[in-house]
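First the structure, in the form of C-alpha cells, and then the observations on it.
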Amino acid sequence: MPTLRPYHPTDAAALTTLYVRSVRHYGPRAYSPEQVAVWAATADVAHTAARCGDGRYVVVAQDEAGRLLGFADLEADGHLDMLYVAPEAEGLHVGSQLYAALETHARRRGLHRIFVEASELASPLFERRGFTLLGRNDLVLDGVDIHNYRMEKRLA
C-alpha cells in the first residue's frame with residue numbers, strides 16, 4: 001500500500017517526470033495524440049517547483065522503496081490544481097488516496113468547497129467523490145483544441 005508524505009523541494013524534477021508519464025500513459029484513453037502532446041509539453045521543472053513551493057498543500061504518494069507513485073495539491077482557496085498518478089500505480093487506488101488526503105486537509109482548514117478543472121479521464125474519479133459538473137472548458141494549447149470540466153464539491 002502506498003504511503004503519503006508532504007512534498008519536498010527535491011521532488012520537483014521527479015514530479016515533473018511523473019506528470020509527463022501520467023499524461024502520456026492515460027491521456028490517449030480520451031484525447032488525441034496531438035492533445036496529449038501539447039498537454040505533456042506543459043511540464044516544466046521550474047514551474048512545478050514554484051507551484052509546489054508557493055504554500056499550497058502538496059501530498060506525494062510513494063511505495064516502500066521510496067519511488068513516487070503520484071501527487072496532488074490543494075490551493076488555499078480550495079482549488080485542486082493537480083492530481084497525477086504514475087502508470088505503474090494504475091489500479092492501486094493512489095488517486096483516491098491522494099484525493100482523500102486533500103479533502104481531509106480542506107475540512108481541517110474549514111474550506112466550504114473544493115473545485116477543479118478535471119480532465120476527461122479524472123472527472124469520473126471526482127464524480128464518485130460527490131463533485132458536481134459546472135461546465136466544460138474548451139481550451140486551445142499551442143494551437144490545439146482540448147477540453148476539461150469545471151467541477152466542485154461542497155463540504156459540509
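Starting from 1 in every chain, residues are counted up; chains themselves are A, B, ... following the order of the C-alpha cells, and ligands are numbered from 1 as listed.
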
Spatial neighbours of stretch 64-72 of chain A, max dist 6 Å, only C-alpha atoms, sep filter under 3 positions, as a PDB file with C-alpha atoms, in the first residue's frame:
ATOM      1  CA  VAL A  58       1.027  19.157  -1.727  1.00  0.00           C
ATOM      2  CA  VAL A  59       0.922  15.464  -0.915  1.00  0.00           C
ATOM      3  CA  VAL A  60       3.057  12.771  -2.535  1.00  0.00           C
ATOM      4  CA  ALA A  61       2.401   9.016  -2.712  1.00  0.00           C
ATOM      5  CA  MET A  82      -3.022  18.782  -9.899  1.00  0.00           C
ATOM      6  CA  LEU A  83      -3.660  15.098  -9.242  1.00  0.00           C
ATOM      7  CA  TYR A  84      -1.438  12.742 -11.215  1.00  0.00           C
ATOM      8  CA  VAL A  85      -0.674   9.041 -10.812  1.00  0.00           C
ATOM      9  CA  ALA A  86       2.261   7.111 -12.274  1.00  0.00           C
ATOM     10  CA  ALA A  89       0.444   2.656  -9.875  1.00  0.00           C
TER      11      ALA A  89
END

Polymer residues at most 10 Å from A:Gly55, only C-alpha atoms, same-chain spacing of 2 or more positions, as JSON, numbers by chain: {"A": [50, 51, 52, 53, 57, 58, 74, 75, 76]}

May I have all residues of stretch 46-156 of chain A that DSSP, computed from the backbone, assigns to alpha helix (DSSP H), given as a PyMOL selection string? chain A and resi 46-52+94-108+123-128

Requested write-out: C-alpha atoms of the selected residues, as a compact mmCIF listing (two decimals), in the first residue's frame:
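Heads up, here's the output in again_23.txt:
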# COMPACT_ATOMS: atom_id res chain seq x y z
CA ALA A 46 10.89 25.23 -12.54
CA HIS A 47 7.14 25.72 -12.84
CA THR A 48 6.48 22.57 -10.78
CA ALA A 49 8.92 23.71 -8.10
CA ALA A 50 7.39 27.19 -7.98
CA ARG A 51 3.81 25.90 -7.72
CA CYS A 52 4.60 23.19 -5.18
CA VAL A 94 -3.41 6.06 -5.46
CA GLY A 95 -5.63 8.77 -6.93
CA SER A 96 -8.35 8.01 -4.40
CA GLN A 97 -5.83 8.04 -1.57
CA LEU A 98 -4.40 11.37 -2.69
CA TYR A 99 -7.84 12.91 -3.07
CA ALA A 100 -8.89 11.71 0.40
CA ALA A 101 -5.85 13.45 1.90
CA LEU A 102 -6.74 16.69 0.11
CA GLU A 103 -10.35 16.58 1.30
CA THR A 104 -9.27 15.88 4.88
CA HIS A 105 -6.92 18.86 4.69
CA ALA A 106 -9.66 21.07 3.23
CA ARG A 107 -12.08 20.14 6.01
CA ARG A 108 -9.47 20.79 8.70
CA SER A 123 -13.83 13.60 -13.99
CA PRO A 124 -15.23 10.13 -13.10
CA LEU A 125 -12.98 9.99 -10.01
CA PHE A 126 -14.36 13.32 -8.87
CA GLU A 127 -17.96 12.35 -9.68
CA ARG A 128 -17.58 9.25 -7.47

My list of candidates is A:Glu152, A:Asp77, A:Asp54, A:Asp44. Which is closest to A:Arg109 when distances are computed with only C-alpha atoms?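 Ranked by minimum distance to A:Arg109, first place goes to A:Asp77.
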
One decimal, Å: what's the distance from atom CA of A:Glu120 over to atom CA of A:Ala14, could you say? 24.3 Å

How far is it from atom CA of A:Ala122 to atom CA of A:Tyr26, in Å with one decimal?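 Taking atom CA of A:Ala122 as the start and atom CA of A:Tyr26 as the end point, the length is 9.8 Å.
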
Run DSSP on the backbone and give me the residues of stretch 36-156 of chain A it puts in strand (DSSP E or B), as a ChimeraX atom specification. /A:57-62,68-74,79-80,83-85,113-118,132-141,144-154

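Near A:Tyr149, within 9 Å and counting only C-alpha atoms, sit Val116, Glu117, Ala118, Ser119, Glu120, Ser123, Leu133, Leu134, Gly135, Arg136, Asn137 and Asp138 of chain A; same-chain residues fewer than 6 positions away were not included.
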
Output file for the residues above (all heavy atoms, as a CSV table (one decimal), in the first residue's frame):
chain,number,residue,atom,x,y,z
A,116,VAL,N,-12.2,22.1,-9.2
A,116,VAL,CA,-11.2,21.5,-10.0
A,116,VAL,C,-11.6,21.7,-11.5
A,116,VAL,O,-12.7,21.9,-11.8
A,116,VAL,CB,-11.0,20.0,-9.7
A,116,VAL,CG1,-12.3,19.2,-10.0
A,116,VAL,CG2,-9.8,19.4,-10.4
A,117,GLU,N,-10.5,21.8,-12.3
A,117,GLU,CA,-10.7,21.6,-13.8
A,117,GLU,C,-10.2,20.2,-14.1
A,117,GLU,O,-9.0,20.0,-14.3
A,117,GLU,CB,-9.9,22.7,-14.6
A,117,GLU,CG,-10.4,24.1,-14.3
A,117,GLU,CD,-9.9,24.7,-13.0
A,117,GLU,OE1,-8.8,24.4,-12.6
A,117,GLU,OE2,-10.7,25.5,-12.4
A,118,ALA,N,-11.2,19.3,-14.2
A,118,ALA,CA,-10.8,17.9,-14.4
A,118,ALA,C,-10.8,17.5,-15.8
A,118,ALA,O,-11.6,17.9,-16.6
A,118,ALA,CB,-11.9,17.0,-13.7
A,119,SER,N,-9.8,16.7,-16.1
A,119,SER,CA,-9.7,16.1,-17.5
A,119,SER,C,-10.8,15.1,-17.7
A,119,SER,O,-11.5,14.7,-16.8
A,119,SER,CB,-8.3,15.4,-17.7
A,119,SER,OG,-8.3,14.2,-16.9
A,120,GLU,N,-11.0,14.8,-19.0
A,120,GLU,CA,-12.0,13.7,-19.3
A,120,GLU,C,-11.7,12.5,-18.5
A,120,GLU,O,-12.6,11.8,-18.1
A,120,GLU,CB,-11.8,13.5,-20.8
A,120,GLU,CG,-12.9,12.6,-21.4
A,120,GLU,CD,-14.2,13.4,-21.7
A,120,GLU,OE1,-14.1,14.5,-22.1
A,120,GLU,OE2,-15.2,12.8,-21.3
A,123,SER,N,-12.5,13.2,-14.4
A,123,SER,CA,-13.8,13.6,-14.0
A,123,SER,C,-14.6,12.4,-13.3
A,123,SER,O,-15.3,12.7,-12.4
A,123,SER,CB,-14.6,14.2,-15.1
A,123,SER,OG,-14.8,13.4,-16.2
A,133,LEU,N,-20.8,18.6,-11.8
A,133,LEU,CA,-20.3,19.2,-13.0
A,133,LEU,C,-20.9,20.6,-13.1
A,133,LEU,O,-22.1,20.8,-13.0
A,133,LEU,CB,-20.7,18.4,-14.2
A,133,LEU,CG,-20.3,18.9,-15.6
A,133,LEU,CD1,-18.8,19.0,-15.8
A,133,LEU,CD2,-21.0,18.1,-16.7
A,134,LEU,N,-20.0,21.6,-13.3
A,134,LEU,CA,-20.4,23.0,-13.5
A,134,LEU,C,-20.4,23.4,-15.0
A,134,LEU,O,-21.2,24.3,-15.4
A,134,LEU,CB,-19.5,24.0,-12.7
A,134,LEU,CG,-19.4,23.7,-11.2
A,134,LEU,CD1,-18.4,24.7,-10.6
A,134,LEU,CD2,-20.8,23.9,-10.6
A,135,GLY,N,-19.5,22.8,-15.8
A,135,GLY,CA,-19.5,23.1,-17.2
A,135,GLY,C,-18.2,22.6,-17.8
A,135,GLY,O,-17.3,22.1,-17.2
A,136,ARG,N,-18.2,22.7,-19.1
A,136,ARG,CA,-17.0,22.3,-19.9
A,136,ARG,C,-16.2,23.5,-20.3
A,136,ARG,O,-16.7,24.6,-20.6
A,136,ARG,CB,-17.5,21.6,-21.2
A,136,ARG,CG,-16.4,21.1,-22.1
A,136,ARG,CD,-17.0,20.4,-23.3
A,136,ARG,NE,-16.0,20.4,-24.4
A,136,ARG,CZ,-15.8,19.4,-25.1
A,136,ARG,NH1,-16.4,18.2,-24.9
A,136,ARG,NH2,-14.9,19.4,-26.1
A,137,ASN,N,-14.9,23.4,-20.2
A,137,ASN,CA,-13.9,24.4,-20.6
A,137,ASN,C,-13.3,23.9,-22.0
A,137,ASN,O,-12.7,22.8,-22.0
A,137,ASN,CB,-12.7,24.6,-19.7
A,137,ASN,CG,-13.2,25.1,-18.3
A,137,ASN,OD1,-14.0,26.0,-18.3
A,137,ASN,ND2,-12.6,24.6,-17.3
A,138,ASP,N,-13.5,24.7,-23.0
A,138,ASP,CA,-12.8,24.4,-24.3
A,138,ASP,C,-11.6,25.3,-24.4
A,138,ASP,O,-11.8,26.6,-24.4
A,138,ASP,CB,-13.8,24.6,-25.4
A,138,ASP,CG,-14.9,23.6,-25.4
A,138,ASP,OD1,-14.6,22.4,-25.4
A,138,ASP,OD2,-16.1,23.9,-25.4

Calculated over only C-alpha atoms, which of the candidates A:Leu111, A:Leu18, A:Ala30, A:Leu80 has the smallest distance to A:Gln62?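 Comparing A:Leu111, A:Leu18, A:Ala30, A:Leu80 against A:Gln62, the winner is A:Leu18.
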
Which of A:Asp11, A:Asp63, A:Ala43, A:Ala156 sits closest to A:Glu88 [using only C-alpha atoms]: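 Nearest to A:Glu88: A:Asp63.
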
Show me, as a list in words, the residues that have an atom within 6 Å of A:Val45 when counting only C-alpha atoms, minus same-chain residues fewer than 4 positions from it.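 After dropping sequence-adjacent residues, the list is Ala12, Ala13 and Thr16 of chain A.
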
Considering only C-alpha atoms, can you say which of A:Leu155, A:Val144, A:Leu92, A:Leu139 comes closest to A:Gln35?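 For A:Gln35, the nearest of the candidates is A:Val144.
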
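Between atom CA of A:Lys153 and atom CA of A:Thr132 there is a distance of 6.3 Å.
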